[in-house]
file work_21.pdb (PDB, C-alpha atoms and all ligand atoms)
ATOM      1  CA  MET A   1     -28.980  13.487   0.118  1.00  0.00           C
ATOM      2  CA  LYS A   2     -28.851  11.016  -2.777  1.00  0.00           C
ATOM      3  CA  ILE A   3     -26.347  13.175  -4.635  1.00  0.00           C
ATOM      4  CA  VAL A   4     -24.056  13.463  -1.641  1.00  0.00           C
ATOM      5  CA  GLN A   5     -24.088   9.697  -1.208  1.00  0.00           C
ATOM      6  CA  SER A   6     -23.174   8.969  -4.795  1.00  0.00           C
ATOM      7  CA  VAL A   7     -20.296  11.449  -4.692  1.00  0.00           C
ATOM      8  CA  VAL A   8     -18.959   9.746  -1.595  1.00  0.00           C
ATOM      9  CA  VAL A   9     -19.355   6.313  -3.176  1.00  0.00           C
ATOM     10  CA  SER A  10     -17.462   7.251  -6.338  1.00  0.00           C
ATOM     11  CA  ALA A  11     -14.702   8.852  -4.287  1.00  0.00           C
ATOM     12  CA  VAL A  12     -14.322   5.606  -2.369  1.00  0.00           C
ATOM     13  CA  PHE A  13     -14.162   3.619  -5.616  1.00  0.00           C
ATOM     14  CA  ALA A  14     -11.529   5.964  -7.008  1.00  0.00           C
ATOM     15  CA  ILE A  15      -9.384   5.543  -3.901  1.00  0.00           C
ATOM     16  CA  ALA A  16      -9.812   1.757  -3.964  1.00  0.00           C
ATOM     17  CA  ALA A  17      -8.747   1.627  -7.617  1.00  0.00           C
ATOM     18  CA  LEU A  18      -5.657   3.732  -6.927  1.00  0.00           C
ATOM     19  CA  THR A  19      -4.703   1.648  -3.928  1.00  0.00           C
ATOM     20  CA  SER A  20      -4.889  -1.654  -5.761  1.00  0.00           C
ATOM     21  CA  VAL A  21      -2.776  -0.406  -8.659  1.00  0.00           C
ATOM     22  CA  THR A  22      -0.117   0.776  -6.205  1.00  0.00           C
ATOM     23  CA  GLY A  23      -0.269  -2.550  -4.403  1.00  0.00           C
ATOM     24  CA  ILE A  24       0.382  -4.535  -7.571  1.00  0.00           C
ATOM     25  CA  ALA A  25       3.317  -2.325  -8.549  1.00  0.00           C
ATOM     26  CA  GLN A  26       4.845  -2.780  -5.105  1.00  0.00           C
ATOM     27  CA  ALA A  27       4.415  -6.542  -5.166  1.00  0.00           C
ATOM     28  CA  GLN A  28       6.251  -6.702  -8.468  1.00  0.00           C
ATOM     29  CA  ALA A  29       9.051  -4.492  -7.176  1.00  0.00           C
ATOM     30  CA  ASN A  30       9.461  -6.703  -4.105  1.00  0.00           C
ATOM     31  CA  GLN A  31       9.615  -9.818  -6.227  1.00  0.00           C
ATOM     32  CA  SER A  32      12.463  -8.572  -8.399  1.00  0.00           C
ATOM     33  CA  LYS A  33      14.313  -7.241  -5.344  1.00  0.00           C
ATOM     34  CA  SER A  34      14.182 -10.540  -3.475  1.00  0.00           C
ATOM     35  CA  GLY A  35      15.595 -12.241  -6.541  1.00  0.00           C
ATOM     36  CA  ASN A  36      18.597  -9.923  -6.394  1.00  0.00           C
ATOM     37  CA  THR A  37      19.201 -10.388  -2.667  1.00  0.00           C
ATOM     38  CA  LYS A  38      20.483 -13.928  -3.058  1.00  0.00           C
ATOM     39  CA  VAL A  39      23.048 -12.945  -5.676  1.00  0.00           C
ATOM     40  CA  ASP A  40      24.546  -9.954  -3.870  1.00  0.00           C
ATOM     41  CA  THR A  41      25.172 -10.972  -0.243  1.00  0.00           C
ATOM     42  CA  SER A  42      27.034  -7.767   0.663  1.00  0.00           C
ATOM     43  CA  LYS A  43      23.615  -6.103   0.600  1.00  0.00           C
ATOM     44  CA  ASP A  44      22.707  -8.057   3.723  1.00  0.00           C
ATOM     45  CA  ILE A  45      25.198  -6.313   5.998  1.00  0.00           C
ATOM     46  CA  THR A  46      24.061  -3.087   7.654  1.00  0.00           C
ATOM     47  CA  ASP A  47      25.942  -0.455   9.650  1.00  0.00           C
ATOM     48  CA  GLY A  48      24.614   0.351  13.079  1.00  0.00           C
ATOM     49  CA  GLU A  49      25.296   1.636  16.540  1.00  0.00           C
ATOM     50  CA  ILE A  50      24.058  -0.162  19.614  1.00  0.00           C
ATOM     51  CA  ARG A  51      21.889   1.920  21.872  1.00  0.00           C
ATOM     52  CA  LYS A  52      20.742  -0.668  24.389  1.00  0.00           C
ATOM     53  CA  VAL A  53      21.382  -4.321  25.196  1.00  0.00           C
ATOM     54  CA  ASP A  54      18.688  -6.395  26.883  1.00  0.00           C
ATOM     55  CA  LYS A  55      20.299  -9.757  27.567  1.00  0.00           C
ATOM     56  CA  GLU A  56      17.365 -11.168  29.470  1.00  0.00           C
ATOM     57  CA  ALA A  57      14.906 -10.587  26.626  1.00  0.00           C
ATOM     58  CA  GLY A  58      17.498 -11.247  23.924  1.00  0.00           C
ATOM     59  CA  LYS A  59      16.881  -7.848  22.403  1.00  0.00           C
ATOM     60  CA  LEU A  60      19.038  -5.136  20.971  1.00  0.00           C
ATOM     61  CA  THR A  61      18.233  -1.487  20.284  1.00  0.00           C
ATOM     62  CA  ILE A  62      20.153  -0.421  17.187  1.00  0.00           C
ATOM     63  CA  LYS A  63      20.419   2.921  15.462  1.00  0.00           C
ATOM     64  CA  HIS A  64      20.896   1.597  11.958  1.00  0.00           C
ATOM     65  CA  GLY A  65      21.603   2.800   8.453  1.00  0.00           C
ATOM     66  CA  GLU A  66      19.547   1.736   5.488  1.00  0.00           C
ATOM     67  CA  ILE A  67      18.839  -2.010   5.566  1.00  0.00           C
ATOM     68  CA  ARG A  68      18.971  -2.816   1.867  1.00  0.00           C
ATOM     69  CA  ASN A  69      17.904  -6.450   2.051  1.00  0.00           C
ATOM     70  CA  LEU A  70      14.747  -5.445   3.964  1.00  0.00           C
ATOM     71  CA  GLU A  71      14.241  -2.091   2.229  1.00  0.00           C
ATOM     72  CA  MET A  72      14.189  -0.336   5.589  1.00  0.00           C
ATOM     73  CA  PRO A  73      15.267   3.294   5.895  1.00  0.00           C
ATOM     74  CA  PRO A  74      17.673   4.403   8.654  1.00  0.00           C
ATOM     75  CA  MET A  75      16.102   4.491  12.120  1.00  0.00           C
ATOM     76  CA  THR A  76      16.498   3.397  15.709  1.00  0.00           C
ATOM     77  CA  MET A  77      14.600   0.281  16.681  1.00  0.00           C
ATOM     78  CA  VAL A  78      14.564  -2.865  18.797  1.00  0.00           C
ATOM     79  CA  TYR A  79      15.538  -6.202  17.301  1.00  0.00           C
ATOM     80  CA  GLN A  80      15.357  -9.743  18.553  1.00  0.00           C
ATOM     81  CA  VAL A  81      18.684 -11.574  18.251  1.00  0.00           C
ATOM     82  CA  LYS A  82      18.964 -15.132  16.971  1.00  0.00           C
ATOM     83  CA  GLU A  83      20.892 -16.303  20.058  1.00  0.00           C
ATOM     84  CA  LYS A  84      21.188 -14.503  23.391  1.00  0.00           C
ATOM     85  CA  ALA A  85      24.902 -15.384  23.535  1.00  0.00           C
ATOM     86  CA  MET A  86      25.427 -12.884  20.719  1.00  0.00           C
ATOM     87  CA  LEU A  87      24.783 -10.141  23.287  1.00  0.00           C
ATOM     88  CA  ASP A  88      27.711 -11.135  25.508  1.00  0.00           C
ATOM     89  CA  LYS A  89      30.247  -9.377  23.314  1.00  0.00           C
ATOM     90  CA  VAL A  90      28.426  -6.106  22.713  1.00  0.00           C
ATOM     91  CA  GLN A  91      27.463  -3.066  24.737  1.00  0.00           C
ATOM     92  CA  ALA A  92      25.681   0.237  24.288  1.00  0.00           C
ATOM     93  CA  GLY A  93      27.724   2.635  22.179  1.00  0.00           C
ATOM     94  CA  ASP A  94      29.388  -0.071  20.050  1.00  0.00           C
ATOM     95  CA  LYS A  95      29.576   0.543  16.320  1.00  0.00           C
ATOM     96  CA  ILE A  96      28.669  -2.647  14.523  1.00  0.00           C
ATOM     97  CA  LYS A  97      27.984  -4.246  11.206  1.00  0.00           C
ATOM     98  CA  PHE A  98      25.073  -6.617  11.442  1.00  0.00           C
ATOM     99  CA  LYS A  99      22.791  -8.833   9.475  1.00  0.00           C
ATOM    100  CA  VAL A 100      19.060  -8.823  10.046  1.00  0.00           C
ATOM    101  CA  ILE A 101      16.554 -11.068   8.339  1.00  0.00           C
ATOM    102  CA  ASN A 102      12.792 -11.170   8.158  1.00  0.00           C
ATOM    103  CA  GLU A 103      11.801 -14.467   9.751  1.00  0.00           C
ATOM    104  CA  ASN A 104       8.080 -14.978   9.190  1.00  0.00           C
ATOM    105  CA  GLY A 105       7.402 -11.282   9.593  1.00  0.00           C
ATOM    106  CA  LYS A 106       9.689 -10.870  12.595  1.00  0.00           C
ATOM    107  CA  MET A 107      13.020  -9.023  12.312  1.00  0.00           C
ATOM    108  CA  VAL A 108      15.850 -11.160  13.696  1.00  0.00           C
ATOM    109  CA  VAL A 109      19.513 -10.184  13.960  1.00  0.00           C
ATOM    110  CA  THR A 110      21.554 -13.210  12.896  1.00  0.00           C
ATOM    111  CA  GLU A 111      25.084 -11.767  12.801  1.00  0.00           C
ATOM    112  CA  ILE A 112      26.934  -9.014  14.687  1.00  0.00           C
ATOM    113  CA  HIS A 113      30.418  -7.898  13.686  1.00  0.00           C
ATOM    114  CA  PRO A 114      32.562  -5.083  15.050  1.00  0.00           C
ATOM    115  CA  GLY A 115      32.225  -1.947  12.922  1.00  0.00           C
ATOM    116  CA  LYS A 116      34.003   1.379  12.842  1.00  0.00           C
TER
HETATM  117 CU    CU B   1      14.572  -0.409  11.472  1.00  0.00          CU
END
call {"tool": "encode", "arguments": {"input": "work_21.pdb", "output": "structure tokens", "more": "lines below"}}
Ligand SMILES: [Cu+2]
result
Amino acid sequence: MKIVQSVVVSAVFAIAALTSVTGIAQAQANQSKSGNTKVDTSKDITDGEIRKVDKEAGKLTIKHGEIRNLEMPPMTMVYQVKEKAMLDKVQAGDKIKFKVINENGKMVVTEIHPGK
């Protein structure tokens, strides 16, 4: 019983050590990336296709390409928009170019432009 416990304990320590090293490396990568974002603004614009418009909630479902400024891979997801009026000129099926920012941990679409 003692032996089993100590094996488990050292496995947990090994995993914890690995995790913290990875965490530090990622933090450093994020830091250098955010420094670049301000210089190259074209990185902020993402291609997408609107799947659903929810004017009442001020939300937009977008199938989007890679979001470079947020390091997000392509996917379909729901975003809050900065102002509900932005939804007046779009509808499901529209191809767009848009800008999304991370506002205190929440993704917010701040710009929508017609795409092709
Ligand atoms: Cu996404």
call {"tool": "resolve_selection", "arguments": {"input": "work_21.pdb", "expression": "the PyMOL selection byres (((chain A and resi 60-62) around 12) and not hetatm)", "output": "PyMOL selection string"}}
result
chain A and resi 46-59+63-67+74-84+86-88+90-100+107-110+112
call {"tool": "closest_residue", "arguments": {"input": "work_21.pdb", "among": "A:Glu71, A:Lys116, A:Glu111, A:Gly105", "to": "ligand CU 1 (chain B)", "atoms": "only C-alpha atoms and all ligand atoms"}}
result
A:Glu71
call {"tool": "closest_residue", "arguments": {"input": "work_21.pdb", "among": "A:Glu103, A:Pro114, A:Asn69, A:Lys89", "to": "Asp44 of chain A", "atoms": "all atoms listed in the file"}}
result
A:Asn69
call {"tool": "closest_residue", "arguments": {"input": "work_21.pdb", "among": "A:Ser42, A:Pro73, A:Arg68, A:Gly115", "to": "ligand CU 1 (chain B)", "atoms": "all atoms listed in the file"}}
result
A:Pro73
call {"tool": "axis_aligned_box", "arguments": {"input": "work_21.pdb", "around": "segment 82-90 of chain A", "padding_each_side": "8 Å", "output": "AutoDock Vina command-line options"}}
result
--center_x 24.6 --center_y -11.2 --center_z 21.2 --size_x 27.3 --size_y 26.2 --size_z 24.5
